[in-house]
There are 2 protein chains.
Amino acid sequence: MSPIIFAVEPFGGSVRDHNPNLPLVFWDDAAVTRGDGVFETLLLRDGRICNLDRHVSRFLASAKLLDLPEPNIDGWLKATIMAAEKWRSHTTDDASCVWMYTRGRETTGIPSAWLTIRPLSPTALHQRAHGVAVMTSPRGYHIDPPETTEAVPWLVVGAKTLNYAANMAALRWARAHGFDDVIYTNGDIVLEGATSTVITVRGKKIRTPTAGGDILPGTTQAALFEYATEQKWRCKEKQLVLDDLFRADSVWLVSSVRIAARVTRINDQELPAPANEAEIRELIEAALTSNLTNHP
Amino acid sequence: MSPIIFAVEPFGGSVRDHNPNLPLVFWDDAAVTRGDGVFETLLLRDGRICNLDRHVSRFLASAKLLDLPEPNIDGWLKATIMAAEKWRSHTTDDASCVWMYTRGRETTGIPSAWLTIRPLSPTALHQRAHGVAVMTSPRGYHIDPPETTEAVPWLVVGAKTLNYAANMAALRWARAHGFDDVIYTNGDIVLEGATSTVITVRGKKIRTPTAGGDILPGTTQAALFEYATEQKWRCKEKQLVLDDLFRADSVWLVSSVRIAARVTRINDQELPAPANEAEIRELIEAALTSNLTNHP
């Protein structure tokens, strides 16, 4: 199934179906020259976008943090519906939908906006089914907390910017050393995955590290916490240390498209599958799809 | 004068003249989706590239840090010569030449490589002539030094990556507050400009903050130090504090294309022009152009 690319007029107006075999972005686009833009990755299931409201909120927040013009969400939704219909006319497979919004061409000053829909990678599907071996690692840098004098008002932490070179380098390193993914740590404190949120399950308790600072708020984690709380699980954001991961019944990396990958090994320590592995997986999937009827 | 774009075959081979009015980059290029690539900005003067060897060295080092295939420098030089000849056939004005090298399209795995030549911006020309008012500011984050346990082997600090969103945000902030540029500081310690190296001149002494950690080695500063030392200036890399800037005869932000912008104000303190302003400016320009005969 060939990718679907729709170019969006940033201030509303027409949507253009773009041939994925042709170049799309100009040489002087800020996304290319500076990584200056934001994105969201959304799951398309049964032709519908999962967890839409949270992605919209984070997309708006990211754009605001980067001082980009406020995205015209009606236009984005219209384009997403058109693209999703095109996808659905070919297949009902899960797909990854990415919204891209950049500061645009230097020569025009108008933001660039487009969305893509594409099949899930075989790696994502395999990790969903079989879990991931993870390496823990420091990030190599510290964000100065807002209460310190070194904090700055413009820092774009908390925005999903296109500045992912360091995360990609960490993943390459992990793969070269026999791991599938990375969990960032600060000393003993657990932060987040390279492109996911860490979740632990122990009895009826679900935990995740408190977001903020250098932990990006996770849309999948938020959907899970809301839904699981309704299902009588006790969910809480709190500081987690490495030992909390080893003491848990199970540890998961959750994200929009891979959804949930169980952590099967941390460094050299195996994490055996819990008895309720299928139940947890279904809980997370249900959290993302429970209110799809309202979605495009 | 319209920009010149040449697409380069990353592993050698043909060079393609690309129409700047057409899109160049594919939707799934790592530069666009992840800021995953490196660049160099070079000055073209009288149709020749300035300070070529240092740019080549840093370009190779950046690619290596990002684990990109080693750039085929002969191919880059051939393309640069062709593009420079095209530029020279139209004008002898200074131009900015940018080499872009990305991890390439996800669907092909082949790096993308191209170069652009374009006129200098009116802002760069104005700042060359009239200097810059700068705001000092912390970066908002700290890189963990290599001797600490939090340091990581893959961190791409020291590479000129496409992850410039934070620098661009700092410059927007500065401009919104009546400044032209930013000098990053760590407490009292002077680091670097948002896209330049800090230089002080006092008597016959020229100083710059020691590179490494979160200070990118500057190619213009290196050329200046080599040339100025030959001209009997005493040049040294050392830790500078803010007071060193106020005590200097003059403070400069040096970079490849703007070359040298004298700092005329730091926060609310004016820095009067020194008697030797023209001499210093000529020294820096001469450092970049003294050995152009060997260059393409």
# chains A, B, ... in the order shown; residues from 1 in each chain; ligands from 1
>>> residues_around(residues="region 206-212 of chain A", least_positions_apart="4", cutoff="9 Å", atoms="only C-alpha atoms", output="PyMOL selection string")
chain A and resi 157-158+189-192+197-202+216-218+221+225+228+233-241
>>> write_last_selection(atoms="C-alpha atoms", output="compact mmCIF listing (two decimals), in the first residue's frame")
# COMPACT_ATOMS: atom_id res chain seq x y z
CA VAL A 157 11.07 21.33 25.59
CA GLY A 158 7.62 19.77 25.80
CA ILE A 189 15.20 8.04 38.15
CA VAL A 190 13.22 6.71 35.18
CA LEU A 191 12.36 9.30 32.53
CA GLU A 192 10.88 7.99 29.26
CA THR A 197 6.15 6.70 27.65
CA VAL A 198 7.09 4.18 30.37
CA ILE A 199 4.22 2.44 32.20
CA THR A 200 4.43 -0.08 35.05
CA VAL A 201 1.69 -2.44 36.19
CA ARG A 202 1.69 -4.04 39.65
CA LEU A 216 7.12 14.67 27.23
CA PRO A 217 3.44 14.23 28.24
CA GLY A 218 2.24 11.05 26.51
CA GLN A 221 -0.56 7.17 28.61
CA PHE A 225 -5.09 6.44 32.62
CA ALA A 228 -8.26 2.31 33.14
CA TRP A 233 -7.48 0.39 38.02
CA ARG A 234 -5.58 2.77 40.30
CA CYS A 235 -3.51 5.04 38.07
CA LYS A 236 -0.96 7.57 39.25
CA GLU A 237 1.84 9.72 37.88
CA LYS A 238 4.78 9.56 40.28
CA GLN A 239 8.55 9.56 40.25
CA LEU A 240 9.77 6.07 39.40
CA VAL A 241 13.21 4.63 40.05
>>> interface_residues(of="chain B", to="chain A", cutoff="8 Å", atoms="only C-alpha atoms", output="MDAnalysis selection string")
chainID B and resid 20:27 31:37 66 137:144 150:152 154:156 161:166 168:170 173 186:187
>>> write_last_selection(atoms="N, CA and C atoms", output="tab-separated table (two decimals), in the first residue's frame")
chain	number	residue	atom	x	y	z
B	20	PRO	N	15.31	26.02	-8.34
B	20	PRO	CA	14.93	26.37	-6.96
B	20	PRO	C	13.43	26.61	-6.77
B	21	ASN	N	12.70	26.74	-7.86
B	21	ASN	CA	11.25	26.93	-7.77
B	21	ASN	C	10.48	25.62	-7.71
B	22	LEU	N	11.20	24.52	-7.67
B	22	LEU	CA	10.54	23.22	-7.54
B	22	LEU	C	10.94	22.57	-6.22
B	23	PRO	N	10.02	21.78	-5.64
B	23	PRO	CA	10.40	21.07	-4.41
B	23	PRO	C	11.59	20.14	-4.67
B	24	LEU	N	12.38	19.91	-3.61
B	24	LEU	CA	13.62	19.14	-3.75
B	24	LEU	C	13.61	17.89	-2.87
B	25	VAL	N	12.99	17.97	-1.70
B	25	VAL	CA	13.16	16.96	-0.67
B	25	VAL	C	11.88	16.13	-0.55
B	26	PHE	N	12.04	14.82	-0.38
B	26	PHE	CA	10.88	13.94	-0.26
B	26	PHE	C	10.29	13.97	1.14
B	27	TRP	N	9.02	13.61	1.23
B	27	TRP	CA	8.26	13.64	2.49
B	27	TRP	C	8.91	12.78	3.57
B	31	ALA	N	15.93	14.45	7.13
B	31	ALA	CA	16.11	15.87	7.46
B	31	ALA	C	14.77	16.48	7.83
B	32	VAL	N	13.73	16.09	7.11
B	32	VAL	CA	12.40	16.65	7.32
B	32	VAL	C	11.73	16.05	8.54
B	33	THR	N	11.81	14.73	8.68
B	33	THR	CA	11.03	14.06	9.72
B	33	THR	C	11.74	14.08	11.08
B	34	ARG	N	13.09	14.19	11.07
B	34	ARG	CA	13.82	14.06	12.34
B	34	ARG	C	14.92	15.09	12.53
B	35	GLY	N	15.11	15.99	11.59
B	35	GLY	CA	16.28	16.87	11.68
B	35	GLY	C	17.57	16.08	11.68
B	36	ASP	N	17.58	14.94	10.99
B	36	ASP	CA	18.68	13.98	11.09
B	36	ASP	C	19.63	14.18	9.91
B	37	GLY	N	20.55	15.11	10.09
B	37	GLY	CA	21.52	15.40	9.04
B	37	GLY	C	22.48	16.47	9.53
B	66	LEU	N	27.39	11.59	13.56
B	66	LEU	CA	26.03	11.13	13.32
B	66	LEU	C	25.98	9.76	12.67
B	137	SER	N	22.18	35.11	27.77
B	137	SER	CA	21.15	34.21	28.28
B	137	SER	C	21.72	32.83	28.53
B	138	PRO	N	21.22	32.16	29.58
B	138	PRO	CA	21.55	30.73	29.70
B	138	PRO	C	20.96	29.99	28.51
B	139	ARG	N	21.48	28.78	28.24
B	139	ARG	CA	20.92	27.94	27.18
B	139	ARG	C	19.61	27.29	27.60
B	140	GLY	N	19.45	27.07	28.90
B	140	GLY	CA	18.27	26.34	29.37
B	140	GLY	C	18.53	24.85	29.54
B	141	TYR	N	19.73	24.41	29.15
B	141	TYR	CA	20.09	23.01	29.39
B	141	TYR	C	21.60	22.92	29.57
B	142	HIS	N	22.03	21.83	30.14
B	142	HIS	CA	23.46	21.57	30.32
B	142	HIS	C	23.82	20.24	29.68
B	143	ILE	N	24.90	20.24	28.91
B	143	ILE	CA	25.45	18.98	28.40
B	143	ILE	C	26.28	18.36	29.52
B	144	ASP	N	26.08	17.05	29.75
B	144	ASP	CA	26.89	16.40	30.79
B	144	ASP	C	28.31	16.19	30.27
B	150	GLU	N	27.02	10.44	33.60
B	150	GLU	CA	25.81	10.71	32.81
B	150	GLU	C	26.14	10.96	31.34
B	151	ALA	N	27.41	11.05	30.99
B	151	ALA	CA	27.78	11.29	29.59
B	151	ALA	C	27.44	10.05	28.76
B	152	VAL	N	27.06	10.26	27.52
B	152	VAL	CA	26.70	9.13	26.66
B	152	VAL	C	27.53	9.20	25.38
B	154	TRP	N	26.83	8.56	22.28
B	154	TRP	CA	26.26	8.88	20.98
B	154	TRP	C	25.85	10.33	20.85
B	155	LEU	N	25.97	11.11	21.92
B	155	LEU	CA	25.40	12.45	21.87
B	155	LEU	C	26.07	13.26	20.77
B	156	VAL	N	25.25	13.93	19.95
B	156	VAL	CA	25.75	14.53	18.72
B	156	VAL	C	26.14	15.99	18.93
B	161	THR	N	24.38	19.74	13.47
B	161	THR	CA	23.20	19.02	12.99
B	161	THR	C	22.12	20.02	12.61
B	162	LEU	N	21.05	19.49	12.06
B	162	LEU	CA	19.93	20.33	11.64
B	162	LEU	C	19.00	20.67	12.81
B	163	ASN	N	19.40	20.34	14.03
B	163	ASN	CA	18.56	20.56	15.22
B	163	ASN	C	18.79	21.96	15.78
B	164	TYR	N	18.29	22.94	15.08
B	164	TYR	CA	18.54	24.33	15.45
B	164	TYR	C	17.28	25.02	15.97
B	165	ALA	N	16.23	24.26	16.26
B	165	ALA	CA	14.97	24.89	16.67
B	165	ALA	C	15.16	25.74	17.93
B	166	ALA	N	15.97	25.25	18.89
B	166	ALA	CA	16.18	26.01	20.13
B	166	ALA	C	16.94	27.31	19.85
B	168	MET	N	16.94	28.98	17.04
B	168	MET	CA	16.04	29.87	16.33
B	168	MET	C	15.05	30.51	17.30
B	169	ALA	N	14.60	29.73	18.29
B	169	ALA	CA	13.66	30.26	19.28
B	169	ALA	C	14.33	31.35	20.12
B	170	ALA	N	15.60	31.13	20.46
B	170	ALA	CA	16.33	32.14	21.23
B	170	ALA	C	16.48	33.43	20.42
B	173	TRP	N	13.20	35.32	20.31
B	173	TRP	CA	13.00	35.97	21.61
B	173	TRP	C	13.83	37.25	21.69
B	186	ASN	N	26.77	30.47	30.96
B	186	ASN	CA	26.49	29.47	31.99
B	186	ASN	C	26.92	30.13	33.29
B	187	GLY	N	25.95	30.68	34.04
B	187	GLY	CA	26.32	31.55	35.15
B	187	GLY	C	27.04	32.75	34.56
>>> select_by_dssp(residues="region 18-255 of chain B", states="helix (DSSP H, G or I)", output="ChimeraX atom specification")
/B:30-34,52-65,73-88,122-130,165-176,219-230,242-247
>>> select_by_dssp(residues="region 8-146 of chain A", states="strand (DSSP E or B)", output="count of residues only")
45
>>> closest_residue(among="A:Thr108, A:Ser89, A:Ser196, A:Ser256", to="Leu43 (chain A)", atoms="only C-alpha atoms")
A:Ser256
>>> atom_distance(atom1="CA of Asn51 (chain A)", atom2="CA of Ala129 (chain A)")
21.2 Å
>>> residues_around(residues="Thr220 (chain A)", least_positions_apart="6", cutoff="12 Å", atoms="only C-alpha atoms", output="PyMOL selection string")
chain A and resi 41-43+50-55+58+195-199+208+226-228+252-260+283-289
>>> atom_distance(atom1="CA of Ala133 (chain B)", atom2="CA of Ser121 (chain B)")
17.8 Å
>>> atom_distance(atom1="CA of Thr107 (chain A)", atom2="CA of Ile4 (chain B)")
13.9 Å
>>> residues_around(residues="Leu271 (chain A)", least_positions_apart="2", cutoff="9 Å", atoms="only C-alpha atoms", output="list in words")
Phe246, Asp249, Ser250, Val251, Val263, Thr264, Arg265, Ile266, Gln269, Ala273 and Pro274 of chain A
>>> residues_around(residues="His90 (chain B)", least_positions_apart="6", cutoff="12 Å", atoms="only C-alpha atoms", output="list of chain:residue names")
B:Met1, B:Ser2, B:Pro3, B:Ile4, B:Asp46, B:Gly47, B:Ala83, B:Ala84, B:Arg118, B:Pro119
>>> write_last_selection(atoms="C-alpha atoms", output="PDB file, in the first residue's frame")
ATOM      1  CA  MET B   1      20.017  36.727  -8.173  1.00  0.00           C
ATOM      2  CA  SER B   2      18.147  33.433  -7.974  1.00  0.00           C
ATOM      3  CA  PRO B   3      19.555  30.716  -5.666  1.00  0.00           C
ATOM      4  CA  ILE B   4      21.620  27.952  -7.230  1.00  0.00           C
ATOM      5  CA  ASP B  46      35.126  36.553  -5.559  1.00  0.00           C
ATOM      6  CA  GLY B  47      33.776  33.203  -6.718  1.00  0.00           C
ATOM      7  CA  ALA B  83      27.927  25.936  -8.674  1.00  0.00           C
ATOM      8  CA  ALA B  84      30.474  28.669  -7.889  1.00  0.00           C
ATOM      9  CA  ARG B 118      22.457  32.297  -2.486  1.00  0.00           C
ATOM     10  CA  PRO B 119      22.966  36.002  -1.846  1.00  0.00           C
TER      11      PRO B 119
END
>>> closest_residue(among="A:Cys97, A:Ile280, A:Ala61, A:Ala113", to="Ser14 (chain A)", atoms="only C-alpha atoms")
A:Ala113
>>> residues_around(residues="Thr92 (chain B)", least_positions_apart="4", cutoff="10 Å", atoms="only C-alpha atoms", output="PyMOL selection string")
chain B and resi 44-48+87-88
>>> decode(residues="region 225-238 of chain A", atoms="all heavy atoms", output="PDB file, in the first residue's frame")
ATOM      1  N   PHE A 225      -4.773   6.120  31.231  1.00  0.00           N
ATOM      2  CA  PHE A 225      -5.090   6.441  32.621  1.00  0.00           C
ATOM      3  C   PHE A 225      -6.585   6.773  32.763  1.00  0.00           C
ATOM      4  O   PHE A 225      -7.236   6.359  33.719  1.00  0.00           O
ATOM      5  CB  PHE A 225      -4.213   7.591  33.127  1.00  0.00           C
ATOM      6  CG  PHE A 225      -2.905   7.125  33.701  1.00  0.00           C
ATOM      7  CD1 PHE A 225      -2.231   6.036  33.156  1.00  0.00           C
ATOM      8  CD2 PHE A 225      -2.329   7.762  34.806  1.00  0.00           C
ATOM      9  CE1 PHE A 225      -1.022   5.590  33.687  1.00  0.00           C
ATOM     10  CE2 PHE A 225      -1.129   7.322  35.350  1.00  0.00           C
ATOM     11  CZ  PHE A 225      -0.467   6.251  34.790  1.00  0.00           C
ATOM     12  N   GLU A 226      -7.120   7.522  31.801  1.00  0.00           N
ATOM     13  CA  GLU A 226      -8.542   7.870  31.900  1.00  0.00           C
ATOM     14  C   GLU A 226      -9.419   6.619  31.817  1.00  0.00           C
ATOM     15  O   GLU A 226     -10.297   6.394  32.656  1.00  0.00           O
ATOM     16  CB  GLU A 226      -8.927   8.857  30.792  1.00  0.00           C
ATOM     17  CG  GLU A 226     -10.382   9.280  30.878  1.00  0.00           C
ATOM     18  CD  GLU A 226     -10.777  10.265  29.767  1.00  0.00           C
ATOM     19  OE1 GLU A 226     -10.019  11.219  29.534  1.00  0.00           O
ATOM     20  OE2 GLU A 226     -11.841  10.048  29.143  1.00  0.00           O
ATOM     21  N   TYR A 227      -9.136   5.794  30.828  1.00  0.00           N
ATOM     22  CA  TYR A 227      -9.971   4.600  30.609  1.00  0.00           C
ATOM     23  C   TYR A 227      -9.795   3.579  31.733  1.00  0.00           C
ATOM     24  O   TYR A 227     -10.766   3.024  32.253  1.00  0.00           O
ATOM     25  CB  TYR A 227      -9.608   3.992  29.256  1.00  0.00           C
ATOM     26  CG  TYR A 227     -10.406   2.769  28.907  1.00  0.00           C
ATOM     27  CD1 TYR A 227     -11.720   2.870  28.438  1.00  0.00           C
ATOM     28  CD2 TYR A 227      -9.855   1.493  29.049  1.00  0.00           C
ATOM     29  CE1 TYR A 227     -12.455   1.746  28.110  1.00  0.00           C
ATOM     30  CE2 TYR A 227     -10.588   0.363  28.729  1.00  0.00           C
ATOM     31  CZ  TYR A 227     -11.891   0.488  28.261  1.00  0.00           C
ATOM     32  OH  TYR A 227     -12.615  -0.631  27.944  1.00  0.00           O
ATOM     33  N   ALA A 228      -8.524   3.341  32.126  1.00  0.00           N
ATOM     34  CA  ALA A 228      -8.264   2.312  33.144  1.00  0.00           C
ATOM     35  C   ALA A 228      -8.866   2.721  34.489  1.00  0.00           C
ATOM     36  O   ALA A 228      -9.340   1.868  35.254  1.00  0.00           O
ATOM     37  CB  ALA A 228      -6.752   2.080  33.264  1.00  0.00           C
ATOM     38  N   THR A 229      -8.851   4.017  34.791  1.00  0.00           N
ATOM     39  CA  THR A 229      -9.457   4.487  36.037  1.00  0.00           C
ATOM     40  C   THR A 229     -10.954   4.144  36.047  1.00  0.00           C
ATOM     41  O   THR A 229     -11.493   3.675  37.059  1.00  0.00           O
ATOM     42  CB  THR A 229      -9.248   6.008  36.202  1.00  0.00           C
ATOM     43  OG1 THR A 229      -7.840   6.270  36.189  1.00  0.00           O
ATOM     44  CG2 THR A 229      -9.838   6.517  37.502  1.00  0.00           C
ATOM     45  N   GLU A 230     -11.618   4.343  34.909  1.00  0.00           N
ATOM     46  CA  GLU A 230     -13.032   3.959  34.796  1.00  0.00           C
ATOM     47  C   GLU A 230     -13.224   2.458  35.029  1.00  0.00           C
ATOM     48  O   GLU A 230     -14.258   2.019  35.515  1.00  0.00           O
ATOM     49  CB  GLU A 230     -13.571   4.294  33.393  1.00  0.00           C
ATOM     50  CG  GLU A 230     -13.731   5.786  33.112  1.00  0.00           C
ATOM     51  CD  GLU A 230     -13.936   6.068  31.621  1.00  0.00           C
ATOM     52  OE1 GLU A 230     -14.190   5.100  30.853  1.00  0.00           O
ATOM     53  OE2 GLU A 230     -13.808   7.243  31.233  1.00  0.00           O
ATOM     54  N   GLN A 231     -12.201   1.670  34.657  1.00  0.00           N
ATOM     55  CA  GLN A 231     -12.263   0.213  34.804  1.00  0.00           C
ATOM     56  C   GLN A 231     -11.722  -0.242  36.165  1.00  0.00           C
ATOM     57  O   GLN A 231     -11.378  -1.411  36.332  1.00  0.00           O
ATOM     58  CB  GLN A 231     -11.465  -0.472  33.686  1.00  0.00           C
ATOM     59  CG  GLN A 231     -11.811  -0.031  32.268  1.00  0.00           C
ATOM     60  CD  GLN A 231     -13.218  -0.433  31.852  1.00  0.00           C
ATOM     61  OE1 GLN A 231     -13.635  -1.567  32.115  1.00  0.00           O
ATOM     62  NE2 GLN A 231     -13.943   0.505  31.244  1.00  0.00           N
ATOM     63  N   LYS A 232     -11.605   0.710  37.102  1.00  0.00           N
ATOM     64  CA  LYS A 232     -11.226   0.408  38.492  1.00  0.00           C
ATOM     65  C   LYS A 232      -9.748   0.090  38.707  1.00  0.00           C
ATOM     66  O   LYS A 232      -9.375  -0.500  39.727  1.00  0.00           O
ATOM     67  CB  LYS A 232     -12.087  -0.746  39.083  1.00  0.00           C
ATOM     68  CG  LYS A 232     -13.590  -0.583  38.889  1.00  0.00           C
ATOM     69  CD  LYS A 232     -14.119   0.641  39.603  1.00  0.00           C
ATOM     70  CE  LYS A 232     -15.636   0.802  39.373  1.00  0.00           C
ATOM     71  NZ  LYS A 232     -16.070   2.206  39.569  1.00  0.00           N
ATOM     72  N   TRP A 233      -8.915   0.442  37.748  1.00  0.00           N
ATOM     73  CA  TRP A 233      -7.479   0.387  38.020  1.00  0.00           C
ATOM     74  C   TRP A 233      -7.099   1.664  38.766  1.00  0.00           C
ATOM     75  O   TRP A 233      -7.738   2.703  38.613  1.00  0.00           O
ATOM     76  CB  TRP A 233      -6.685   0.298  36.717  1.00  0.00           C
ATOM     77  CG  TRP A 233      -6.884  -0.987  35.997  1.00  0.00           C
ATOM     78  CD1 TRP A 233      -7.963  -1.357  35.246  1.00  0.00           C
ATOM     79  CD2 TRP A 233      -5.980  -2.089  35.961  1.00  0.00           C
ATOM     80  NE1 TRP A 233      -7.798  -2.608  34.737  1.00  0.00           N
ATOM     81  CE2 TRP A 233      -6.574  -3.088  35.161  1.00  0.00           C
ATOM     82  CE3 TRP A 233      -4.723  -2.342  36.523  1.00  0.00           C
ATOM     83  CZ2 TRP A 233      -5.957  -4.322  34.921  1.00  0.00           C
ATOM     84  CZ3 TRP A 233      -4.103  -3.560  36.268  1.00  0.00           C
ATOM     85  CH2 TRP A 233      -4.727  -4.533  35.489  1.00  0.00           C
ATOM     86  N   ARG A 234      -6.044   1.577  39.601  1.00  0.00           N
ATOM     87  CA  ARG A 234      -5.578   2.768  40.299  1.00  0.00           C
ATOM     88  C   ARG A 234      -4.358   3.321  39.555  1.00  0.00           C
ATOM     89  O   ARG A 234      -3.304   2.683  39.533  1.00  0.00           O
ATOM     90  CB  ARG A 234      -5.255   2.430  41.762  1.00  0.00           C
ATOM     91  CG  ARG A 234      -6.546   2.426  42.622  1.00  0.00           C
ATOM     92  CD  ARG A 234      -6.264   1.956  44.027  1.00  0.00           C
ATOM     93  NE  ARG A 234      -5.921   0.532  44.035  1.00  0.00           N
ATOM     94  CZ  ARG A 234      -5.129  -0.047  44.927  1.00  0.00           C
ATOM     95  NH1 ARG A 234      -4.567   0.687  45.881  1.00  0.00           N
ATOM     96  NH2 ARG A 234      -4.880  -1.341  44.875  1.00  0.00           N
ATOM     97  N   CYS A 235      -4.544   4.470  38.945  1.00  0.00           N
ATOM     98  CA  CYS A 235      -3.515   5.039  38.070  1.00  0.00           C
ATOM     99  C   CYS A 235      -2.921   6.282  38.713  1.00  0.00           C
ATOM    100  O   CYS A 235      -3.651   7.121  39.228  1.00  0.00           O
ATOM    101  CB  CYS A 235      -4.127   5.436  36.723  1.00  0.00           C
ATOM    102  SG  CYS A 235      -4.837   4.030  35.857  1.00  0.00           S
ATOM    103  N   LYS A 236      -1.597   6.396  38.650  1.00  0.00           N
ATOM    104  CA  LYS A 236      -0.957   7.567  39.249  1.00  0.00           C
ATOM    105  C   LYS A 236       0.351   7.901  38.535  1.00  0.00           C
ATOM    106  O   LYS A 236       1.140   7.030  38.228  1.00  0.00           O
ATOM    107  CB  LYS A 236      -0.677   7.295  40.740  1.00  0.00           C
ATOM    108  CG  LYS A 236      -0.419   8.565  41.542  1.00  0.00           C
ATOM    109  CD  LYS A 236       0.075   8.259  42.934  1.00  0.00           C
ATOM    110  CE  LYS A 236      -1.054   7.914  43.897  1.00  0.00           C
ATOM    111  NZ  LYS A 236      -0.548   7.663  45.268  1.00  0.00           N
ATOM    112  N   GLU A 237       0.535   9.210  38.298  1.00  0.00           N
ATOM    113  CA  GLU A 237       1.845   9.724  37.883  1.00  0.00           C
ATOM    114  C   GLU A 237       2.683   9.892  39.128  1.00  0.00           C
ATOM    115  O   GLU A 237       2.284  10.585  40.058  1.00  0.00           O
ATOM    116  CB  GLU A 237       1.707  11.120  37.245  1.00  0.00           C
ATOM    117  CG  GLU A 237       1.236  11.155  35.834  1.00  0.00           C
ATOM    118  CD  GLU A 237       1.453  12.545  35.209  1.00  0.00           C
ATOM    119  OE1 GLU A 237       2.417  13.247  35.576  1.00  0.00           O
ATOM    120  OE2 GLU A 237       0.633  12.914  34.360  1.00  0.00           O
ATOM    121  N   LYS A 238       3.860   9.307  39.161  1.00  0.00           N
ATOM    122  CA  LYS A 238       4.780   9.561  40.276  1.00  0.00           C
ATOM    123  C   LYS A 238       6.212   9.314  39.826  1.00  0.00           C
ATOM    124  O   LYS A 238       6.451   8.691  38.783  1.00  0.00           O
ATOM    125  CB  LYS A 238       4.431   8.705  41.503  1.00  0.00           C
ATOM    126  CG  LYS A 238       4.619   7.209  41.317  1.00  0.00           C
ATOM    127  CD  LYS A 238       4.112   6.417  42.505  1.00  0.00           C
ATOM    128  CE  LYS A 238       4.960   6.576  43.738  1.00  0.00           C
ATOM    129  NZ  LYS A 238       5.904   5.427  43.944  1.00  0.00           N
TER     130      LYS A 238
END
